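**Q** Pasting my_file_25.cif here (mmCIF, C-alpha atoms):
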data_protein
#
loop_
_atom_site.label_atom_id
_atom_site.label_comp_id
_atom_site.auth_asym_id
_atom_site.auth_seq_id
_atom_site.Cartn_x
_atom_site.Cartn_y
_atom_site.Cartn_z
CA MET A 738 -16.13 153.52 227.06
CA ASN A 739 -19.67 153.65 228.41
CA PHE A 740 -20.33 157.40 228.15
CA GLU A 741 -23.52 157.35 230.26
CA LEU A 742 -21.94 155.31 233.06
CA PHE A 743 -18.90 157.63 233.13
CA ILE A 744 -21.06 160.75 233.54
CA ALA A 745 -23.22 159.01 236.19
CA LYS A 746 -20.14 158.07 238.20
CA ARG A 747 -18.88 161.66 238.02
CA ILE A 748 -22.24 162.93 239.29
CA HIS A 749 -22.60 160.37 242.07
CA PHE A 750 -19.05 159.82 243.31
CA SER A 751 -17.59 163.29 242.79
CA GLY A 752 -19.92 165.04 245.18
CA GLY A 753 -22.41 166.11 242.55
CA GLU A 754 -25.29 164.88 244.70
CA LYS A 755 -24.18 166.91 247.70
CA LYS A 756 -25.40 170.28 246.53
CA LYS A 757 -27.63 172.17 248.89
CA VAL A 758 -30.91 171.44 247.11
CA SER A 759 -30.52 167.78 246.18
CA SER A 760 -28.58 166.48 249.17
CA PRO A 761 -31.52 166.25 251.64
CA ALA A 762 -33.80 164.76 248.98
CA ILE A 763 -31.19 162.18 248.00
CA LYS A 764 -30.63 161.22 251.62
CA ILE A 765 -34.37 160.87 252.19
CA ALA A 766 -34.72 158.73 249.06
CA THR A 767 -31.84 156.48 250.12
CA ALA A 768 -33.27 156.19 253.63
CA GLY A 769 -36.67 155.33 252.14
CA ILE A 770 -35.15 152.47 250.16
CA ALA A 771 -33.20 151.25 253.20
CA LEU A 772 -36.15 151.32 255.61
CA GLY A 773 -38.55 149.88 253.04
CA LEU A 774 -36.30 146.93 252.23
CA ALA A 775 -35.54 146.36 255.92
CA ALA A 776 -39.27 146.26 256.68
CA MET A 777 -39.87 143.78 253.85
CA ILE A 778 -37.06 141.44 254.93
CA LEU A 779 -38.14 141.55 258.57
CA SER A 780 -41.78 140.92 257.63
CA VAL A 781 -40.93 137.87 255.54
CA CYS A 782 -38.47 136.41 258.09
CA ILE A 783 -40.90 136.91 260.99
CA VAL A 784 -43.96 135.57 259.18
CA ILE A 785 -42.13 132.49 257.85
CA GLY A 786 -40.71 131.88 261.33
CA PHE A 787 -44.14 132.32 262.94
CA LYS A 788 -45.83 129.96 260.48
CA GLN A 789 -43.16 127.31 260.98
CA GLU A 790 -43.38 127.53 264.77
CA ILE A 791 -47.17 127.20 264.81
CA ARG A 792 -47.14 124.48 262.16
CA ASN A 793 -44.49 122.48 264.04
CA LYS A 794 -46.53 122.64 267.24
CA VAL A 795 -49.72 121.48 265.54
CA VAL A 796 -47.84 118.69 263.77
CA GLY A 797 -46.09 117.76 267.03
CA PHE A 798 -49.46 116.88 268.54
CA SER A 799 -51.25 115.62 265.40
CA SER A 800 -48.56 114.47 262.87
CA HIS A 801 -48.74 115.28 259.15
CA ILE A 802 -51.24 112.58 258.18
CA GLN A 803 -53.58 110.46 260.28
CA ILE A 804 -55.20 107.20 259.22
CA THR A 805 -58.24 106.39 261.35
CA ASN A 806 -61.50 104.44 261.28
CA TYR A 807 -63.78 105.70 258.51
CA ASP A 808 -66.74 105.34 260.88
CA GLY A 809 -65.02 107.33 263.60
CA ASN A 810 -66.41 110.62 264.92
CA THR A 811 -64.63 113.88 265.63
CA SER A 812 -64.34 113.24 269.38
CA TYR A 813 -61.33 111.76 271.17
CA GLU A 814 -63.33 108.62 272.05
CA THR A 815 -62.46 106.73 268.88
CA HIS A 816 -63.48 103.55 267.11
CA PRO A 817 -60.42 101.30 266.71
CA ILE A 818 -58.77 99.98 263.58
CA CYS A 819 -56.73 96.78 263.38
CA VAL A 820 -53.19 97.33 262.16
CA ASN A 821 -51.01 94.42 261.05
CA ASP A 822 -47.39 94.19 259.96
CA THR A 823 -48.35 94.20 256.27
CA ILE A 824 -49.95 97.65 256.34
CA LEU A 825 -47.14 99.06 258.50
CA ARG A 826 -44.52 97.70 256.12
CA PHE A 827 -46.38 99.20 253.16
CA LEU A 828 -46.45 102.63 254.79
CA LYS A 829 -42.83 102.56 255.95
CA GLU A 830 -41.58 101.62 252.49
CA MET A 831 -43.20 104.64 250.83
CA ASP A 832 -40.54 107.09 249.61
CA GLU A 833 -42.47 110.17 250.76
CA ILE A 834 -42.99 108.94 254.34
CA LYS A 835 -40.35 109.70 256.96
CA HIS A 836 -41.86 108.05 260.05
CA VAL A 837 -44.83 105.85 261.00
CA GLU A 838 -46.26 105.45 264.51
CA LEU A 839 -49.38 104.15 266.29
CA TYR A 840 -51.51 106.02 268.79
CA ALA A 841 -54.79 105.99 270.72
CA THR A 842 -56.72 108.73 272.53
CA LYS A 843 -59.19 108.62 275.40
CA PRO A 844 -60.87 111.47 277.30
CA GLY A 845 -60.83 111.57 281.07
CA ILE A 846 -60.76 113.74 284.18
CA ILE A 847 -57.80 114.30 286.48
CA LYS A 848 -58.97 114.45 290.10
CA THR A 849 -56.91 115.77 292.98
CA ASP A 850 -57.88 116.50 296.56
CA THR A 851 -58.78 120.09 295.74
CA ASP A 852 -59.47 120.35 292.01
CA PHE A 853 -60.15 118.53 288.76
CA GLN A 854 -59.37 119.02 285.07
CA GLY A 855 -60.76 117.49 281.88
CA ILE A 856 -58.01 115.98 279.72
CA VAL A 857 -57.33 113.73 276.77
CA MET A 858 -54.79 110.99 277.23
CA LYS A 859 -52.81 110.17 274.11
CA GLY A 860 -51.33 106.71 274.28
CA VAL A 861 -48.17 106.06 272.28
CA ASP A 862 -46.11 102.98 271.47
CA ARG A 863 -42.38 102.27 271.39
CA ASP A 864 -42.13 103.61 267.82
CA TYR A 865 -43.23 107.11 268.86
CA ASP A 866 -41.01 110.03 267.82
CA TRP A 867 -40.31 112.02 270.99
CA SER A 868 -38.25 114.79 269.34
CA PHE A 869 -41.06 117.36 269.56
CA PHE A 870 -41.67 116.88 273.28
CA GLN A 871 -37.95 116.66 274.03
CA GLN A 872 -37.60 120.21 272.68
CA HIS A 873 -40.33 121.45 275.03
CA MET A 874 -39.60 119.50 278.22
CA LEU A 875 -39.23 121.71 281.31
CA GLU A 876 -38.74 119.00 283.93
CA GLY A 877 -38.21 115.26 283.93
CA ASN A 878 -37.98 113.11 280.84
CA VAL A 879 -40.10 111.64 278.08
CA LEU A 880 -41.47 108.13 278.56
CA ASN A 881 -39.63 104.87 278.02
CA VAL A 882 -42.64 103.06 276.53
CA SER A 883 -40.74 99.80 276.02
CA ASP A 884 -40.31 99.50 279.82
CA SER A 885 -43.34 97.58 281.12
CA THR A 886 -42.83 99.01 284.62
CA SER A 887 -43.60 102.55 283.35
CA ASN A 888 -47.14 101.90 282.15
CA ASN A 889 -48.59 104.27 284.74
CA LYS A 890 -46.17 107.09 283.99
CA ILE A 891 -47.25 110.10 281.93
CA ILE A 892 -46.04 113.53 280.88
CA ILE A 893 -48.32 116.53 281.36
CA SER A 894 -48.22 120.20 280.41
CA LYS A 895 -47.10 122.97 282.73
CA TYR A 896 -50.58 124.49 282.35
CA ILE A 897 -52.27 121.41 283.86
CA ALA A 898 -49.56 120.97 286.49
CA ASP A 899 -49.90 124.59 287.66
CA LYS A 900 -53.70 124.51 287.65
CA LEU A 901 -53.84 121.32 289.75
CA ASN A 902 -50.81 122.23 291.89
CA LEU A 903 -48.88 119.16 290.73
CA LYS A 904 -45.14 118.68 290.40
CA LEU A 905 -42.69 116.17 288.99
CA GLY A 906 -43.09 112.75 290.65
CA ASP A 907 -46.59 113.41 292.00
CA SER A 908 -49.33 110.82 291.51
CA PHE A 909 -53.03 111.37 290.88
CA LEU A 910 -56.14 109.57 289.69
CA VAL A 911 -57.48 109.83 286.16
CA TYR A 912 -61.15 108.90 285.74
CA PHE A 913 -61.92 107.69 282.22
CA ILE A 914 -65.38 108.29 280.85
CA GLN A 915 -66.95 104.94 279.96
CA ASP A 916 -69.58 102.52 281.22
CA PRO A 917 -68.72 101.72 283.93
CA PRO A 918 -66.21 104.55 284.64
CA LYS A 919 -62.68 103.43 285.40
CA ALA A 920 -59.87 105.11 287.29
CA ARG A 921 -56.11 104.76 286.92
CA LYS A 922 -53.34 106.07 289.13
CA MET A 923 -50.75 108.00 287.14
CA ILE A 924 -47.30 109.33 288.04
CA ILE A 925 -45.81 112.46 286.47
CA ASN A 926 -42.60 111.52 284.64
CA GLY A 927 -42.16 114.85 282.86
CA ILE A 928 -43.64 118.32 282.44
CA TYR A 929 -43.69 120.05 279.06
CA SER A 930 -44.75 123.46 277.77
CA THR A 931 -45.31 124.31 274.10
CA ASP A 932 -47.08 127.66 274.74
CA PHE A 933 -49.82 126.34 272.44
CA SER A 934 -52.65 126.62 274.93
CA ASP A 935 -55.24 124.83 272.77
CA TYR A 936 -53.27 121.61 273.21
CA ASP A 937 -51.42 122.24 276.47
CA LYS A 938 -54.78 122.54 278.27
CA ILE A 939 -55.94 119.04 277.41
CA PHE A 940 -53.19 116.61 276.38
CA ILE A 941 -51.31 114.22 278.63
CA ILE A 942 -49.09 111.58 277.02
CA GLY A 943 -49.03 108.01 278.29
CA ASN A 944 -48.67 104.38 277.27
CA LEU A 945 -50.81 102.95 274.47
CA SER A 946 -51.24 99.69 276.36
CA VAL A 947 -53.14 101.51 279.13
CA ILE A 948 -55.82 102.69 276.68
CA ARG A 949 -55.99 99.24 275.09
CA ARG A 950 -56.74 97.66 278.47
CA LEU A 951 -59.29 100.34 279.37
CA ASN A 952 -61.16 99.82 276.09
CA GLY A 953 -60.75 96.04 276.01
CA TRP A 954 -58.94 96.22 272.66
CA GLU A 955 -56.73 93.55 271.13
CA LYS A 956 -52.99 94.07 270.72
CA ASP A 957 -53.37 95.12 267.09
CA GLN A 958 -56.13 97.70 267.73
CA VAL A 959 -55.38 101.43 267.88
CA SER A 960 -57.17 104.73 267.33
CA GLY A 961 -55.04 105.39 264.27
CA ILE A 962 -51.73 105.60 262.48
CA GLU A 963 -49.69 108.81 262.38
CA LEU A 964 -47.45 109.56 259.40
CA TYR A 965 -44.71 112.16 258.98
CA VAL A 966 -43.76 113.20 255.47
CA LYS A 967 -40.31 114.24 254.27
CA ASP A 968 -41.47 117.36 252.41
CA PHE A 969 -44.31 119.41 253.92
CA ASP A 970 -44.79 121.31 250.66
CA LYS A 971 -45.97 118.05 249.06
CA LEU A 972 -48.34 117.20 251.92
CA ASP A 973 -51.58 117.77 249.99
CA ASP A 974 -50.52 115.52 247.11
CA ILE A 975 -49.20 112.81 249.42
CA ALA A 976 -52.38 112.87 251.53
CA MET A 977 -54.54 112.63 248.42
CA ASP A 978 -52.55 109.68 247.07
CA MET A 979 -52.66 108.04 250.49
CA TYR A 980 -56.42 108.52 250.66
CA PHE A 981 -56.99 106.54 247.46
CA ASP A 982 -54.40 103.91 248.42
CA MET A 983 -56.17 103.23 251.73
CA ALA A 984 -59.78 103.65 250.52
CA SER A 985 -60.05 100.07 249.29
CA TYR A 986 -58.29 98.53 252.30
CA ARG A 987 -60.25 96.71 255.03
CA ASP A 988 -58.87 95.43 258.31
CA ARG A 989 -59.69 92.01 259.79
CA GLU A 990 -62.97 93.34 261.20
CA GLY A 991 -64.02 94.97 257.94
CA ASN A 992 -63.27 98.56 259.00
CA ALA A 993 -62.53 101.07 256.24
CA PHE A 994 -59.71 103.58 256.68
CA MET A 995 -60.00 107.38 256.56
CA THR A 996 -56.91 109.38 255.60
CA ARG A 997 -56.66 113.06 256.57
CA SER A 998 -53.83 115.57 256.54
CA VAL A 999 -53.23 117.92 259.43
CA LYS A 1000 -54.65 120.72 257.27
CA ASN A 1001 -58.00 118.89 257.24
CA ILE A 1002 -57.85 117.99 260.93
CA VAL A 1003 -57.36 121.60 262.10
CA PRO A 1004 -58.42 123.71 259.08
CA ALA A 1005 -59.02 126.87 261.14
CA ILE A 1006 -55.36 127.17 262.14
CA PHE A 1007 -54.01 126.69 258.63
CA SER A 1008 -56.60 129.10 257.20
CA TRP A 1009 -55.42 131.63 259.76
CA LEU A 1010 -51.79 131.07 258.74
CA ASN A 1011 -52.71 131.56 255.08
CA VAL A 1012 -54.34 134.90 255.91
CA ILE A 1013 -51.01 136.05 257.37
CA ASP A 1014 -49.44 135.68 253.91
CA MET A 1015 -51.82 138.36 252.63
CA ASN A 1016 -50.57 140.74 255.32
CA VAL A 1017 -46.99 140.23 254.13
CA TRP A 1018 -47.94 141.03 250.53
CA ILE A 1019 -49.68 144.21 251.69
CA ILE A 1020 -46.55 145.27 253.63
CA ILE A 1021 -44.29 144.54 250.64
CA ILE A 1022 -46.51 146.51 248.23
CA LEU A 1023 -46.76 149.48 250.61
CA MET A 1024 -43.02 149.53 251.26
CA LEU A 1025 -42.25 149.35 247.53
CA ALA A 1026 -44.67 152.21 246.89
CA VAL A 1027 -43.18 154.39 249.64
CA SER A 1028 -39.60 153.63 248.59
CA GLY A 1029 -40.42 154.20 244.91
CA PHE A 1030 -42.09 157.56 245.47
CA THR A 1031 -39.23 158.83 247.61
CA MET A 1032 -36.83 157.83 244.83
CA ILE A 1033 -39.03 159.56 242.23
CA SER A 1034 -38.97 162.80 244.21
CA GLY A 1035 -35.20 162.52 244.63
CA LEU A 1036 -34.68 161.93 240.91
CA LEU A 1037 -36.91 164.86 239.93
CA ILE A 1038 -34.98 167.20 242.21
CA LEU A 1039 -31.69 165.85 240.83
CA ILE A 1040 -32.86 166.45 237.24
CA LEU A 1041 -34.04 169.94 238.14
CA GLU A 1042 -30.71 170.75 239.73
CA ARG A 1043 -28.80 169.36 236.74
CA THR A 1044 -30.88 171.23 234.14
CA ASN A 1045 -27.88 173.33 233.11
CA MET A 1046 -25.73 170.22 232.60
CA ILE A 1047 -28.53 168.51 230.61
CA GLY A 1048 -28.70 171.55 228.29
CA ILE A 1049 -24.95 171.51 227.70
CA LEU A 1050 -24.98 167.78 226.94
CA LYS A 1051 -27.83 168.27 224.47
CA ALA A 1052 -25.97 171.17 222.82
CA MET A 1053 -22.95 168.90 222.41
CA GLY A 1054 -25.09 166.31 220.61
CA ALA A 1055 -26.13 163.96 223.37
CA LYS A 1056 -29.48 162.32 222.73
CA ASN A 1057 -32.34 162.19 225.23
CA VAL A 1058 -31.94 158.41 225.57
CA SER A 1059 -28.29 158.78 226.59
CA ILE A 1060 -29.04 161.49 229.14
CA ARG A 1061 -31.91 159.42 230.56
CA LYS A 1062 -29.49 156.51 230.96
CA VAL A 1063 -27.16 158.78 232.92
CA PHE A 1064 -29.83 159.56 235.49
CA LEU A 1065 -31.03 155.95 235.59
CA TYR A 1066 -27.46 154.91 236.42
CA VAL A 1067 -27.38 157.53 239.18
CA SER A 1068 -30.71 156.21 240.47
CA SER A 1069 -29.36 152.64 240.47
CA PHE A 1070 -26.35 153.78 242.55
CA LEU A 1071 -28.69 155.36 245.10
CA ILE A 1072 -30.97 152.31 245.14
CA LEU A 1073 -28.03 149.95 245.72
CA LYS A 1074 -26.74 152.17 248.50
CA GLY A 1075 -30.14 152.16 250.18
CA MET A 1076 -30.40 148.37 249.72
CA PHE A 1077 -27.02 147.87 251.37
CA TRP A 1078 -28.12 149.72 254.48
CA GLY A 1079 -31.53 148.05 254.39
CA ASN A 1080 -29.96 144.58 254.36
CA LEU A 1081 -27.54 145.55 257.10
CA ILE A 1082 -30.33 146.85 259.35
CA ALA A 1083 -32.70 143.91 258.72
CA LEU A 1084 -30.12 141.13 259.03
CA SER A 1085 -28.64 142.66 262.18
CA ILE A 1086 -32.06 142.72 263.83
CA CYS A 1087 -32.79 139.18 262.61
CA PHE A 1088 -29.57 137.71 264.00
CA ILE A 1089 -29.92 139.53 267.32
CA GLN A 1090 -33.50 138.32 267.73
CA LYS A 1091 -32.78 134.77 266.54
CA TYR A 1092 -29.92 134.17 268.97
CA CYS A 1093 -30.83 136.51 271.84
CA GLY A 1094 -34.66 136.53 271.76
CA ILE A 1095 -34.94 140.14 272.90
CA LEU A 1096 -38.45 140.78 271.54
CA LYS A 1097 -41.01 138.83 273.61
CA LEU A 1098 -44.62 137.90 272.88
CA ASP A 1099 -47.60 136.90 275.00
CA PRO A 1100 -47.95 133.10 274.56
CA ALA A 1101 -51.65 133.27 275.46
CA THR A 1102 -52.27 135.38 272.35
CA TYR A 1103 -49.57 134.36 269.86
CA TYR A 1104 -48.83 130.75 270.97
CA ILE A 1105 -45.11 131.56 271.15
CA SER A 1106 -43.05 133.37 273.77
CA GLU A 1107 -40.79 135.44 271.49
CA VAL A 1108 -40.74 136.84 267.96
CA PRO A 1109 -39.64 133.97 265.69
CA ILE A 1110 -37.11 134.45 262.91
CA HIS A 1111 -36.47 132.19 259.94
CA LEU A 1112 -33.67 133.26 257.60
CA ASN A 1113 -34.15 132.00 254.05
CA VAL A 1114 -31.36 133.11 251.74
CA TRP A 1115 -33.41 132.65 248.57
CA TYR A 1116 -36.33 134.74 249.83
CA ILE A 1117 -33.95 137.53 250.86
CA LEU A 1118 -32.22 137.47 247.46
CA LEU A 1119 -35.60 137.56 245.68
CA LEU A 1120 -36.71 140.51 247.82
CA ASN A 1121 -33.52 142.38 246.97
CA LEU A 1122 -33.84 141.64 243.27
CA GLY A 1123 -37.53 142.57 243.22
CA ALA A 1124 -36.98 145.77 245.18
CA PHE A 1125 -34.16 146.84 242.85
CA LEU A 1126 -36.09 146.14 239.65
CA VAL A 1127 -39.34 147.75 240.83
CA SER A 1128 -37.55 150.84 242.14
CA LEU A 1129 -35.55 151.21 238.93
CA LEU A 1130 -38.64 150.76 236.74
CA MET A 1131 -40.39 153.51 238.70
CA MET A 1132 -37.53 155.81 237.69
CA VAL A 1133 -38.18 155.36 233.97
CA GLY A 1134 -41.27 157.60 233.92
CA PRO A 1135 -39.70 160.66 235.62
CA SER A 1136 -36.62 160.34 233.38
CA TYR A 1137 -38.77 161.30 230.35
CA LEU A 1138 -38.84 164.82 231.79
CA ILE A 1139 -35.39 165.23 230.27
CA ALA A 1140 -36.89 165.25 226.75
CA ARG A 1141 -38.85 168.41 227.62
CA ILE A 1142 -35.75 170.39 228.59
CA SER A 1143 -34.66 172.90 225.91
CA PRO A 1144 -30.88 173.39 225.49
CA ALA A 1145 -31.20 177.15 224.78
CA LYS A 1146 -33.17 177.81 227.95
CA SER A 1147 -31.47 175.28 230.23
CA ILE A 1148 -27.93 176.54 229.58
CA ARG A 1149 -29.00 179.90 231.04
CA PHE A 1150 -30.75 178.10 233.95
CA GLU A 1151 -29.35 178.84 237.42
#
Take the structure I supplied and represent it as structure tokens, if you would.
**A**
Amino acid sequence: MNFELFIAKRIHFSGGEKKKVSSPAIKIATAGIALGLAAMILSVCIVIGFKQEIRNKVVGFSSHIQITNYDGNTSYETHPICVNDTILRFLKEMDEIKHVELYATKPGIIKTDTDFQGIVMKGVDRDYDWSFFQQHMLEGNVLNVSDSTSNNKIIISKYIADKLNLKLGDSFLVYFIQDPPKARKMIINGIYSTDFSDYDKIFIIGNLSVIRRLNGWEKDQVSGIELYVKDFDKLDDIAMDMYFDMASYRDREGNAFMTRSVKNIVPAIFSWLNVIDMNVWIIIILMLAVSGFTMISGLLILILERTNMIGILKAMGAKNVSIRKVFLYVSSFLILKGMFWGNLIALSICFIQKYCGILKLDPATYYISEVPIHLNVWYILLLNLGAFLVSLLMMVGPSYLIARISPAKSIRFE
């Protein structure tokens, strides 16, 4: 029989912790563990959800990796590259690549009878993956690029539509900046909203062939190639390998290719997302500290209250190590109890928010309309394991107080 575990169970489950002095302290310590763990789980789930939402929106407009003209500038008026079937086949056959598509961009100005708005038209081909925009469509549909009769159809953001007082099915002129300037009549086939204002303010999506004709490009000329990888965690390695694979390649006009990942295209956003990780670590450390100190105070009060029992056990021959184990077992029971309630609170809030979206955010500030939640079982299990081990280790120090208790004096202690 485990002597220490038996005594700990008698103390914890037989009402030993419900004495007048220790009961409030024990309840506070348990509540501290519960609230601390709940805060940690919520922080991790919200931050992971937020990072995924923002990352998905940036990738939805830019893809994971872009291959463009090495001589190109950072504007949306790009120098073309010539793409043949050989290079497309090479990219599509790579194990790490999930999808390959062609695109072109061209800046312009939408002009209505009463207002105007600067935009960037992104032209896409029949191989374009519409899943991102399908998730964010408010009205109408995405484009059927393979239909030659829909060349003048586009989808625009709700921000642009509201600003220019446009609605589904309306037509307008887009003036493209070139020498000489050219205008094209466009018809709204769909209206989307991603709540990511940096992109919603400028992007309209149309047919790649329109930009080719405006620029006088050949059928194989595009602004670039967009690649989607299967595993985002390997993006940096894949982009680096792709960079060296494409560095020696030249198209039929002698253009060199530049390969960049989305992290290099919009570094400010991903730097901002990385800073958020630091905030989560600060919250976790603070919550562990608060929970640990509440447990320390509870254990000290419990030891003080059980001084008489400690003296009797020592008089009967129990060693300090055994008595310390008793109180560490009691502490583990309290920690597990607090963790149970902490998980229950956190997961209840997470599921309610994930499926009901009660907590709202200002899209103009946070780029999303409600608090995002991403439930990762492994992260939650690691948080529970880490919280238990750290809390229990913090109990080891106070348990050494038992060695200073004298049996002769403690037996008379009231």
**Q** I'd like the contact shell of A:Ser868 - 12 Å cut-off, only C-alpha atoms, skipping same-chain residues fewer than 6 positions apart - returned as a tab-separated table (two decimals) with C-alpha atoms, in the coordinates of the input.
**A**
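Once written, around_29.tsv looks like this:
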chain	number	residue	atom	x	y	z
A	793	ASN	CA	-44.49	122.48	264.04
A	794	LYS	CA	-46.53	122.64	267.24
A	796	VAL	CA	-47.84	118.69	263.77
A	797	GLY	CA	-46.09	117.76	267.03
A	798	PHE	CA	-49.46	116.88	268.54
A	874	MET	CA	-39.60	119.50	278.22
A	878	ASN	CA	-37.98	113.11	280.84
A	879	VAL	CA	-40.10	111.64	278.08
A	880	LEU	CA	-41.47	108.13	278.56
**Q** So how far away is atom CA of A:Thr805 from atom CA of A:Lys967, in Å?
**A**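 Between atom CA of A:Lys967 and atom CA of A:Thr805 the gap works out to 20.8 Å.
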**Q** What is the distance, in Å and to one decimal place, between atom CA of A:Ala745 and atom CA of A:Ser760?
**A**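 So the two atoms, atom CA of A:Ala745 and atom CA of A:Ser760, lie 15.9 Å apart.
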**Q** Could you expand the PyMOL selection byres ((chain A and resi 1002-1017) around 12) into the explicit residues it covers here, written as a PyMOL selection string?
**A** chain A and resi 776-796+798-805+810-812+933+935-936+995-1001+1018-1024+1103-1104
**Q** For A:Val1127, which residue among A:Ser1028, A:Gln1090, A:Asn1113, A:Ser960 is the nearest when counting only C-alpha atoms?
**A**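 Of A:Ser1028, A:Gln1090, A:Asn1113, A:Ser960, the one nearest A:Val1127, counting only C-alpha atoms, is A:Ser1028.
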**Q** Got a minute to add N, CA and C atoms to stretch 834-849 of chain A and dump it as an mmCIF file, in the coordinates of the input?
**A**
data_model
loop_
_atom_site.group_PDB
_atom_site.id
_atom_site.type_symbol
_atom_site.label_atom_id
_atom_site.label_comp_id
_atom_site.auth_asym_id
_atom_site.auth_seq_id
_atom_site.Cartn_x
_atom_site.Cartn_y
_atom_site.Cartn_z
ATOM 1 N N ILE A 834 -42.711 109.012 252.904
ATOM 2 C CA ILE A 834 -42.990 108.940 254.340
ATOM 3 C C ILE A 834 -41.683 108.830 255.122
ATOM 4 N N LYS A 835 -41.550 109.678 256.128
ATOM 5 C CA LYS A 835 -40.350 109.700 256.960
ATOM 6 C C LYS A 835 -40.477 108.810 258.192
ATOM 7 N N HIS A 836 -41.686 108.802 258.799
ATOM 8 C CA HIS A 836 -41.860 108.050 260.050
ATOM 9 C C HIS A 836 -43.306 107.607 260.188
ATOM 10 N N VAL A 837 -43.504 106.420 260.768
ATOM 11 C CA VAL A 837 -44.830 105.850 261.000
ATOM 12 C C VAL A 837 -44.937 105.461 262.468
ATOM 13 N N GLU A 838 -46.068 105.795 263.106
ATOM 14 C CA GLU A 838 -46.260 105.450 264.510
ATOM 15 C C GLU A 838 -47.744 105.213 264.799
ATOM 16 N N LEU A 839 -48.018 104.464 265.875
ATOM 17 C CA LEU A 839 -49.380 104.150 266.290
ATOM 18 C C LEU A 839 -49.764 104.989 267.497
ATOM 19 N N TYR A 840 -51.061 105.239 267.648
ATOM 20 C CA TYR A 840 -51.510 106.020 268.790
ATOM 21 C C TYR A 840 -52.959 105.671 269.132
ATOM 22 N N ALA A 841 -53.390 106.100 270.309
ATOM 23 C CA ALA A 841 -54.790 105.990 270.720
ATOM 24 C C ALA A 841 -55.087 107.159 271.648
ATOM 25 N N THR A 842 -56.313 107.627 271.645
ATOM 26 C CA THR A 842 -56.720 108.730 272.530
ATOM 27 C C THR A 842 -57.945 108.314 273.337
ATOM 28 N N LYS A 843 -58.028 108.893 274.540
ATOM 29 C CA LYS A 843 -59.190 108.620 275.400
ATOM 30 C C LYS A 843 -59.391 109.796 276.347
ATOM 31 N N PRO A 844 -60.602 110.354 276.391
ATOM 32 C CA PRO A 844 -60.870 111.470 277.300
ATOM 33 C C PRO A 844 -61.020 111.008 278.741
ATOM 34 N N GLY A 845 -60.707 111.897 279.656
ATOM 35 C CA GLY A 845 -60.830 111.570 281.070
ATOM 36 C C GLY A 845 -60.808 112.835 281.920
ATOM 37 N N ILE A 846 -60.781 112.633 283.227
ATOM 38 C CA ILE A 846 -60.760 113.740 284.180
ATOM 39 C C ILE A 846 -59.698 113.458 285.229
ATOM 40 N N ILE A 847 -58.788 114.401 285.409
ATOM 41 C CA ILE A 847 -57.800 114.300 286.480
ATOM 42 C C ILE A 847 -58.429 114.842 287.757
ATOM 43 N N LYS A 848 -58.368 114.059 288.811
ATOM 44 C CA LYS A 848 -58.970 114.450 290.100
ATOM 45 C C LYS A 848 -57.891 114.490 291.160
ATOM 46 N N THR A 849 -57.777 115.637 291.815
ATOM 47 C CA THR A 849 -56.910 115.770 292.980
ATOM 48 C C THR A 849 -57.770 116.049 294.202
#
